[in-house]
$ cat my_file-v6.tsv   # TSV, C-alpha atoms
chain	number	residue	atom	x	y	z
A	1	MET	CA	-7.33	45.07	134.77
A	2	MET	CA	-8.67	47.85	136.98
A	3	ASN	CA	-8.78	51.32	135.42
A	4	THR	CA	-6.70	53.26	137.93
A	5	THR	CA	-7.27	56.56	136.15
A	6	ALA	CA	-11.01	56.18	136.69
A	7	LEU	CA	-10.42	55.33	140.36
A	8	HIS	CA	-8.27	58.43	140.80
A	9	HIS	CA	-10.93	60.62	139.26
A	10	LYS	CA	-13.89	59.18	141.16
A	11	ILE	CA	-12.28	59.10	144.59
A	12	THR	CA	-10.63	62.52	144.40
A	13	ARG	CA	-13.84	64.06	143.05
A	14	TRP	CA	-15.75	62.47	145.95
A	15	PHE	CA	-13.20	63.96	148.35
A	16	ASP	CA	-13.62	67.40	146.81
A	17	HIS	CA	-17.32	67.28	147.75
A	18	HIS	CA	-17.31	65.25	150.96
A	19	GLY	CA	-13.91	65.68	152.62
A	20	ARG	CA	-14.05	67.22	156.07
A	21	ASP	CA	-12.91	70.81	156.52
A	22	LEU	CA	-10.19	70.12	159.07
A	23	PRO	CA	-7.86	72.94	160.15
A	24	TRP	CA	-4.67	71.00	159.39
A	25	ARG	CA	-5.88	70.54	155.80
A	26	ARG	CA	-6.33	74.25	155.13
A	27	PRO	CA	-3.81	76.09	152.94
A	28	ASP	CA	-2.82	78.43	155.79
A	29	CYS	CA	-1.82	75.59	158.12
A	30	SER	CA	1.93	75.48	158.72
A	31	PRO	CA	3.98	72.30	158.22
A	32	TRP	CA	4.39	72.27	162.02
A	33	GLY	CA	0.60	72.22	162.39
A	34	VAL	CA	0.41	69.28	159.99
A	35	LEU	CA	3.11	67.39	161.88
A	36	VAL	CA	1.37	68.00	165.22
A	37	SER	CA	-1.93	66.75	163.78
A	38	GLU	CA	-0.36	63.56	162.46
A	39	VAL	CA	1.18	62.73	165.83
A	40	MET	CA	-2.07	63.45	167.68
A	41	LEU	CA	-4.16	61.42	165.22
A	42	GLN	CA	-2.18	58.23	165.84
A	43	GLN	CA	-4.74	55.81	167.35
A	44	THR	CA	-6.99	58.76	168.25
A	45	PRO	CA	-10.18	59.89	166.43
A	46	VAL	CA	-10.51	63.32	164.86
A	47	VAL	CA	-13.32	64.40	167.20
A	48	ARG	CA	-10.99	64.11	170.21
A	49	VAL	CA	-7.99	65.64	168.47
A	50	LEU	CA	-9.67	68.79	167.13
A	51	PRO	CA	-10.03	70.80	170.37
A	52	VAL	CA	-6.62	69.73	171.69
A	53	TRP	CA	-4.87	70.54	168.39
A	54	THR	CA	-6.54	73.95	168.25
A	55	GLU	CA	-5.47	74.88	171.77
A	56	TRP	CA	-2.01	73.40	171.25
A	57	MET	CA	-1.37	75.47	168.12
A	58	HIS	CA	-2.62	78.59	169.90
A	59	ARG	CA	-0.15	78.05	172.74
A	60	TRP	CA	2.80	76.67	170.76
A	61	PRO	CA	2.48	77.78	167.12
A	62	THR	CA	6.11	76.96	166.29
A	63	PRO	CA	8.56	74.20	167.24
A	64	ALA	CA	10.60	76.75	169.21
A	65	ASP	CA	7.56	77.58	171.36
A	66	LEU	CA	6.99	73.94	172.28
A	67	ALA	CA	10.69	73.23	172.82
A	68	GLN	CA	10.80	75.96	175.49
A	69	ALA	CA	7.58	74.93	177.24
A	70	PRO	CA	7.62	73.27	180.68
A	71	THR	CA	7.13	69.54	180.19
A	72	ALA	CA	4.43	69.43	182.86
A	73	GLU	CA	2.39	71.96	180.89
A	74	VAL	CA	2.86	69.94	177.70
A	75	LEU	CA	1.48	66.84	179.42
A	76	ARG	CA	-1.43	68.82	180.85
A	77	ALA	CA	-2.24	70.22	177.42
A	78	TRP	CA	-2.20	66.71	175.97
A	79	GLY	CA	-5.23	66.05	178.15
A	80	ASN	CA	-7.10	62.83	177.48
A	81	LEU	CA	-5.72	62.04	174.02
A	82	GLY	CA	-4.09	58.91	175.43
A	83	TYR	CA	-0.61	57.47	174.90
A	84	PRO	CA	1.00	60.57	176.51
A	85	ARG	CA	4.48	59.46	175.53
A	86	ARG	CA	3.53	60.98	172.18
A	87	ALA	CA	3.51	64.39	173.88
A	88	LEU	CA	7.05	63.85	175.15
A	89	ARG	CA	8.21	62.68	171.73
A	90	LEU	CA	6.57	65.69	170.10
A	91	GLN	CA	8.44	68.02	172.43
A	92	SER	CA	11.66	66.13	171.67
A	93	THR	CA	10.90	66.55	167.97
A	94	ALA	CA	10.41	70.29	168.49
A	95	THR	CA	13.77	70.50	170.23
A	96	ALA	CA	15.46	68.60	167.39
A	97	LEU	CA	13.86	70.91	164.82
A	98	VAL	CA	15.26	73.93	166.65
A	99	GLU	CA	18.72	72.41	167.06
A	100	ARG	CA	19.10	70.82	163.63
A	101	PHE	CA	16.73	72.61	161.24
A	102	HIS	CA	16.63	76.20	162.53
A	103	GLY	CA	13.15	75.69	163.97
A	104	THR	CA	11.50	74.66	160.70
A	105	VAL	CA	9.97	71.37	159.59
A	106	PRO	CA	11.99	69.79	156.75
A	107	ALA	CA	10.21	68.65	153.61
A	108	ASP	CA	12.56	65.73	152.92
A	109	PRO	CA	11.02	62.49	154.23
A	110	ALA	CA	14.44	61.10	155.11
A	111	GLN	CA	15.14	64.11	157.31
A	112	LEU	CA	11.69	63.78	158.86
A	113	ARG	CA	12.35	60.14	159.70
A	114	SER	CA	15.50	61.21	161.56
A	115	LEU	CA	13.38	63.08	164.09
A	116	PRO	CA	12.35	61.48	167.44
A	117	GLY	CA	9.25	59.34	167.11
A	118	ILE	CA	8.70	60.04	163.40
A	119	GLY	CA	8.25	56.83	161.40
A	120	ASP	CA	7.62	56.04	157.76
A	121	TYR	CA	3.93	56.88	157.81
A	122	THR	CA	4.26	60.25	159.56
A	123	ALA	CA	7.21	61.29	157.39
A	124	ALA	CA	5.32	60.44	154.20
A	125	ALA	CA	2.15	62.17	155.41
A	126	VAL	CA	3.93	65.40	156.37
A	127	SER	CA	5.88	65.46	153.10
A	128	SER	CA	2.69	64.97	151.09
A	129	PHE	CA	0.18	67.04	153.06
A	130	ALA	CA	2.44	69.93	154.08
A	131	PHE	CA	4.84	70.16	151.14
A	132	GLY	CA	3.10	68.56	148.17
A	133	ILE	CA	5.77	65.86	147.77
A	134	PRO	CA	3.96	62.79	146.39
A	135	GLU	CA	5.14	60.25	148.93
A	136	THR	CA	3.08	57.07	149.19
A	137	VAL	CA	1.01	57.42	152.37
A	138	ILE	CA	-0.24	54.18	153.95
A	139	ASP	CA	-2.38	54.20	157.08
A	140	THR	CA	-5.01	51.78	158.37
A	141	ASN	CA	-7.84	53.47	156.48
A	142	ILE	CA	-5.94	53.40	153.19
A	143	ARG	CA	-4.96	49.76	153.67
A	144	ARG	CA	-8.60	48.83	154.26
A	145	VAL	CA	-9.79	50.59	151.10
A	146	HIS	CA	-7.07	48.91	149.05
A	147	ALA	CA	-7.83	45.49	150.55
A	148	ARG	CA	-11.50	45.69	149.62
A	149	LEU	CA	-11.35	47.66	146.40
A	150	VAL	CA	-8.49	45.79	144.74
A	151	ASN	CA	-7.99	42.48	146.56
A	152	GLY	CA	-11.57	41.66	147.52
A	153	LYS	CA	-10.64	41.14	151.17
A	154	GLY	CA	-12.87	42.16	154.06
A	155	LEU	CA	-9.91	43.63	155.97
A	156	PRO	CA	-6.20	44.10	155.33
A	157	HIS	CA	-3.57	41.98	157.03
A	158	THR	CA	-3.08	42.55	160.73
A	159	SER	CA	0.24	44.27	159.97
A	160	LEU	CA	1.55	46.08	156.90
A	161	THR	CA	3.03	43.69	154.32
A	162	ALA	CA	5.45	44.18	151.44
A	163	ALA	CA	2.64	43.32	149.03
A	164	GLU	CA	0.47	46.09	150.49
A	165	LYS	CA	3.32	48.57	150.08
A	166	ARG	CA	3.75	47.56	146.43
A	167	LEU	CA	0.03	47.90	145.77
A	168	ALA	CA	-0.11	51.35	147.35
A	169	GLN	CA	2.81	52.47	145.20
A	170	GLN	CA	1.22	51.03	142.05
A	171	LEU	CA	-2.03	52.89	142.74
A	172	MET	CA	-0.35	56.28	143.15
A	173	PRO	CA	-1.18	58.71	140.31
A	174	ASP	CA	1.70	59.91	138.14
A	175	ASP	CA	0.62	63.55	138.37
A	176	THR	CA	2.01	65.19	141.52
A	177	SER	CA	-1.07	67.24	142.38
A	178	THR	CA	-3.41	64.29	141.87
A	179	ALA	CA	-1.11	62.01	143.88
A	180	ASN	CA	-1.22	64.25	146.94
A	181	GLN	CA	-4.99	64.62	146.64
A	182	TRP	CA	-5.27	60.84	146.24
A	183	ASN	CA	-3.46	60.28	149.53
A	184	LYS	CA	-5.97	62.45	151.39
A	185	ALA	CA	-8.99	61.17	149.46
A	186	VAL	CA	-8.41	57.45	150.02
A	187	MET	CA	-7.68	58.05	153.69
A	188	GLU	CA	-10.92	60.00	154.03
A	189	LEU	CA	-12.89	57.36	152.14
A	190	GLY	CA	-11.69	54.76	154.64
A	191	ALA	CA	-12.49	56.99	157.60
A	192	LEU	CA	-15.99	58.01	156.54
A	193	VAL	CA	-17.35	55.34	154.15
A	194	CYS	CA	-15.22	52.19	153.94
A	195	THR	CA	-15.10	51.75	157.70
A	196	ALA	CA	-13.98	48.59	159.46
A	197	ARG	CA	-17.24	47.44	161.03
A	198	SER	CA	-20.13	49.08	159.17
A	199	PRO	CA	-19.06	50.31	155.72
A	200	SER	CA	-21.55	52.58	153.95
A	201	CYS	CA	-21.16	50.89	150.59
A	202	ALA	CA	-24.14	52.69	149.01
A	203	ALA	CA	-22.27	55.98	149.48
A	204	CYS	CA	-19.02	54.73	147.95
A	205	PRO	CA	-17.92	56.48	144.74
A	206	VAL	CA	-16.25	53.31	143.45
A	207	LEU	CA	-18.91	50.77	144.42
A	208	SER	CA	-19.10	49.38	140.90
A	209	GLU	CA	-15.33	48.77	140.82
A	210	CYS	CA	-15.04	47.17	144.26
A	211	ALA	CA	-13.65	43.62	144.20
A	212	TRP	CA	-15.05	42.94	147.67
A	213	ILE	CA	-18.58	43.79	146.52
A	214	ALA	CA	-18.11	41.68	143.38
A	215	ALA	CA	-17.04	38.74	145.55
A	216	GLY	CA	-20.18	39.01	147.70
A	217	LYS	CA	-18.60	40.76	150.68
A	218	PRO	CA	-16.69	37.75	152.06
A	219	ASP	CA	-15.94	37.82	155.76
A	220	PRO	CA	-12.43	38.88	156.73
A	221	ASP	CA	-9.82	36.29	157.60
A	222	TYR	CA	-10.01	37.43	161.22
A	223	GLN	CA	-12.36	39.36	163.48
A	224	PRO	CA	-10.95	42.64	164.78
A	225	THR	CA	-11.14	43.09	168.52
A	226	GLY	CA	-11.06	46.42	170.26
A	227	GLN	CA	-8.43	47.07	172.88
A	228	ALA	CA	-9.49	46.18	176.40
A	229	TRP	CA	-9.62	49.08	178.84
A	230	HIS	CA	-11.31	48.25	182.14
A	231	GLY	CA	-8.86	46.73	184.57
A	232	THR	CA	-5.82	47.20	182.33
A	233	ASP	CA	-2.55	48.97	183.04
A	234	ARG	CA	-3.61	51.57	180.46
A	235	GLN	CA	-6.64	52.44	182.58
A	236	LEU	CA	-4.61	52.76	185.77
A	237	ARG	CA	-1.78	54.71	184.12
A	238	GLY	CA	-4.35	57.06	182.59
A	239	ALA	CA	-6.03	57.59	185.96
A	240	ILE	CA	-2.71	58.39	187.65
A	241	MET	CA	-1.79	60.84	184.87
A	242	GLY	CA	-5.23	62.45	185.08
A	243	LEU	CA	-4.82	63.02	188.82
A	244	LEU	CA	-1.37	64.57	188.38
A	245	ARG	CA	-2.56	66.83	185.57
A	246	ALA	CA	-5.16	68.20	187.98
A	247	ARG	CA	-2.84	68.57	191.00
A	248	ASP	CA	0.69	69.87	191.45
A	249	SER	CA	1.71	66.74	193.32
A	250	VAL	CA	0.35	63.82	195.28
A	251	ASP	CA	1.73	62.14	198.37
A	252	ARG	CA	2.80	58.61	197.46
A	253	ALA	CA	1.03	57.26	200.54
A	254	GLU	CA	-2.23	58.87	199.34
A	255	LEU	CA	-1.94	57.90	195.67
A	256	ARG	CA	-4.34	54.95	195.75
A	257	SER	CA	-7.10	56.70	197.64
A	258	ALA	CA	-6.70	59.88	195.58
A	259	VAL	CA	-6.87	58.06	192.24
A	260	THR	CA	-9.81	55.92	193.36
A	261	ALA	CA	-11.67	59.04	194.52
A	262	THR	CA	-11.53	60.46	190.97
A	263	GLY	CA	-13.83	57.67	189.76
A	264	LYS	CA	-11.55	57.00	186.77
A	265	LEU	CA	-11.11	53.36	187.77
A	266	GLY	CA	-14.81	52.58	187.93
A	267	THR	CA	-15.23	49.33	189.82
A	268	HIS	CA	-11.64	48.21	189.25
A	269	ARG	CA	-9.44	47.93	192.33
A	270	PRO	CA	-5.84	47.26	191.29
A	271	ASN	CA	-3.70	44.94	193.38
A	272	ASP	CA	-0.31	45.89	194.79
A	273	SER	CA	1.67	44.54	191.83
A	274	GLN	CA	-0.38	46.51	189.31
A	275	TRP	CA	0.08	49.74	191.27
A	276	GLU	CA	3.82	49.17	191.48
A	277	ARG	CA	4.09	48.19	187.82
A	278	CYS	CA	2.18	51.23	186.58
A	279	VAL	CA	3.96	53.76	188.78
A	280	SER	CA	7.35	52.27	187.86
A	281	GLY	CA	6.41	52.32	184.18
A	282	LEU	CA	5.36	55.98	184.29
A	283	LEU	CA	8.61	56.87	186.04
A	284	HIS	CA	10.63	54.91	183.49
A	285	ASP	CA	8.84	56.61	180.58
A	286	GLY	CA	9.57	60.04	182.02
A	287	LEU	CA	5.88	60.87	182.37
A	288	ILE	CA	6.12	61.42	186.13
A	289	VAL	CA	8.95	62.10	188.60
A	290	ALA	CA	9.31	61.08	192.22
A	291	THR	CA	10.72	62.53	195.37
A	292	LYS	CA	10.90	60.60	198.61
A	293	GLN	CA	7.31	61.43	199.45
A	294	HIS	CA	5.63	62.83	196.36
A	295	LEU	CA	4.86	62.15	192.69
A	296	THR	CA	4.60	65.02	190.20
A	297	LEU	CA	4.60	65.70	186.50
A	298	PRO	CA	8.10	66.37	185.10

$ encode --input "my_file-v6.tsv" --output "structure tokens"
Amino acid sequence: MMNTTALHHKITRWFDHHGRDLPWRRPDCSPWGVLVSEVMLQQTPVVRVLPVWTEWMHRWPTPADLAQAPTAEVLRAWGNLGYPRRALRLQSTATALVERFHGTVPADPAQLRSLPGIGDYTAAAVSSFAFGIPETVIDTNIRRVHARLVNGKGLPHTSLTAAEKRLAQQLMPDDTSTANQWNKAVMELGALVCTARSPSCAACPVLSECAWIAAGKPDPDYQPTGQAWHGTDRQLRGAIMGLLRARDSVDRAELRSAVTATGKLGTHRPNDSQWERCVSGLLHDGLIVATKQHLTLP
């Protein structure tokens, strides 16, 4: 039986010495700042989020500030973080906070989950990191640490399972302060040491307890593949959004030549159906608007 108390001590002590000094982890960061960071960090590395988060919080330090901002400016400020629908959802969340919670971020995870675009993970993370409520936080990094440390697996399942949820809950410390520190520490261990492709096992504070090491580092049940980019709809949508962030509008007849001239497509030359699909998708998602002749940001 694994000594969970020893794991708690070793991993949280490691975090105390090696955790990154990120602005959304500092005591003076508002719950709104924590919520913004969690939305931005979805599928996006810290190094890309940091400058955008800093500028964002300077411009819109409260939900009320963001709720009143022009949507076009919100999308411009989102920059190259990717998945720009997150920016729209974040503004919708800000509006809901103003209308339903007097412009403040609620601590209750159930109330957080009622907000636009806020799921189980984000609600638990904000409750824990911003309010010290010991919710069980489960992200990809945490799942990977648990899979290796406890189950001896090279990688977790491709999607979150009920068994993984039970394990995460069982590993949570009973002490509130330690539990919240544990959430951050395990996440950081997965981000910096127990990485997916090249884990730095020699630097791991629980190397001697790791079931994966004891089993001889068996290969995972599947090989992770990165998301394709070149030639995809994501690439074309991103190029169109990049052009419209830089210009007030673009003539629909000039869209192809203008986007191609930015160099964002590289050697890819989309066919007619891909152009139509991507423009229609951006319009449907509310990321761009159309007049008879022009496309613009909302």

$ atom_distance --input "my_file-v6.tsv" --atom1 "atom CA of Gly82 of chain A" --atom2 "atom CA of Thr262 of chain A"
17.3 Å

$ residues_around --input "my_file-v6.tsv" --residues "Arg197 of chain A" --least-positions-apart "2" --cutoff "10 Å" --atoms "all atoms listed in the file" --output "list of chain:residue names"
A:Gly154, A:Leu155, A:Cys194, A:Thr195, A:Pro199, A:Ser200, A:Gln223, A:Pro224

$ residues_around --input "my_file-v6.tsv" --residues "Glu38 of chain A" --least-positions-apart "2" --cutoff "8 Å" --atoms "all atoms listed in the file" --output "ChimeraX atom specification"
/A:34-36,40-42,122,125-126

$ closest_residue --input "my_file-v6.tsv" --among "A:Pro51, A:Pro220, A:Pro63, A:Gly119" --to "Gly33 of chain A" --atoms "only C-alpha atoms"
A:Pro63

$ atom_distance --input "my_file-v6.tsv" --atom1 "atom CA of Arg234 of chain A" --atom2 "atom CA of Arg143 of chain A"
26.9 Å

$ atom_distance --input "my_file-v6.tsv" --atom1 "atom CA of Ala261 of chain A" --atom2 "atom CA of Gly79 of chain A"
18.9 Å

$ closest_residue --input "my_file-v6.tsv" --among "A:Leu236, A:Leu167, A:Ala124, A:Ala94" --to "Gln68 of chain A" --atoms "all atoms listed in the file"
A:Ala94

$ closest_residue --input "my_file-v6.tsv" --among "A:Ala130, A:Glu188, A:Thr71, A:Pro84" --to "Trp32 of chain A" --atoms "all atoms listed in the file"
A:Ala130

$ residues_around --input "my_file-v6.tsv" --residues "Ala96 of chain A" --least-positions-apart "4" --cutoff "10 Å" --atoms "only C-alpha atoms" --output "list in words"
Pro63, Ala64, Ala67, Leu90, Gln91, Ser92, Arg100, Phe101, His102, Gly103, Thr104, Val105, Ser114, Leu115 and Pro116 of chain A

$ write_last_selection --input "my_file-v6.tsv" --atoms "C-alpha atoms" --output "PDB file, in the coordinates of the input"
ATOM      1  CA  PRO A  63       8.560  74.200 167.240  1.00  0.00           C
ATOM      2  CA  ALA A  64      10.600  76.750 169.210  1.00  0.00           C
ATOM      3  CA  ALA A  67      10.690  73.230 172.820  1.00  0.00           C
ATOM      4  CA  LEU A  90       6.570  65.690 170.100  1.00  0.00           C
ATOM      5  CA  GLN A  91       8.440  68.020 172.430  1.00  0.00           C
ATOM      6  CA  SER A  92      11.660  66.130 171.670  1.00  0.00           C
ATOM      7  CA  ARG A 100      19.100  70.820 163.630  1.00  0.00           C
ATOM      8  CA  PHE A 101      16.730  72.610 161.240  1.00  0.00           C
ATOM      9  CA  HIS A 102      16.630  76.200 162.530  1.00  0.00           C
ATOM     10  CA  GLY A 103      13.150  75.690 163.970  1.00  0.00           C
ATOM     11  CA  THR A 104      11.500  74.660 160.700  1.00  0.00           C
ATOM     12  CA  VAL A 105       9.970  71.370 159.590  1.00  0.00           C
ATOM     13  CA  SER A 114      15.500  61.210 161.560  1.00  0.00           C
ATOM     14  CA  LEU A 115      13.380  63.080 164.090  1.00  0.00           C
ATOM     15  CA  PRO A 116      12.350  61.480 167.440  1.00  0.00           C
TER      16      PRO A 116
END

$ axis_aligned_box --input "my_file-v6.tsv" --around "segment 183-189 of chain A" --padding-each-side "8 Å" --output "AutoDock Vina command-line options"
--center_x -8.2 --center_y 59.9 --center_z 151.7 --size_x 25.4 --size_y 21.1 --size_z 20.6

$ closest_residue --input "my_file-v6.tsv" --among "A:Ala246, A:Ala228, A:Leu7, A:Ala123" --to "Ala107 of chain A" --atoms "only C-alpha atoms"
A:Ala123
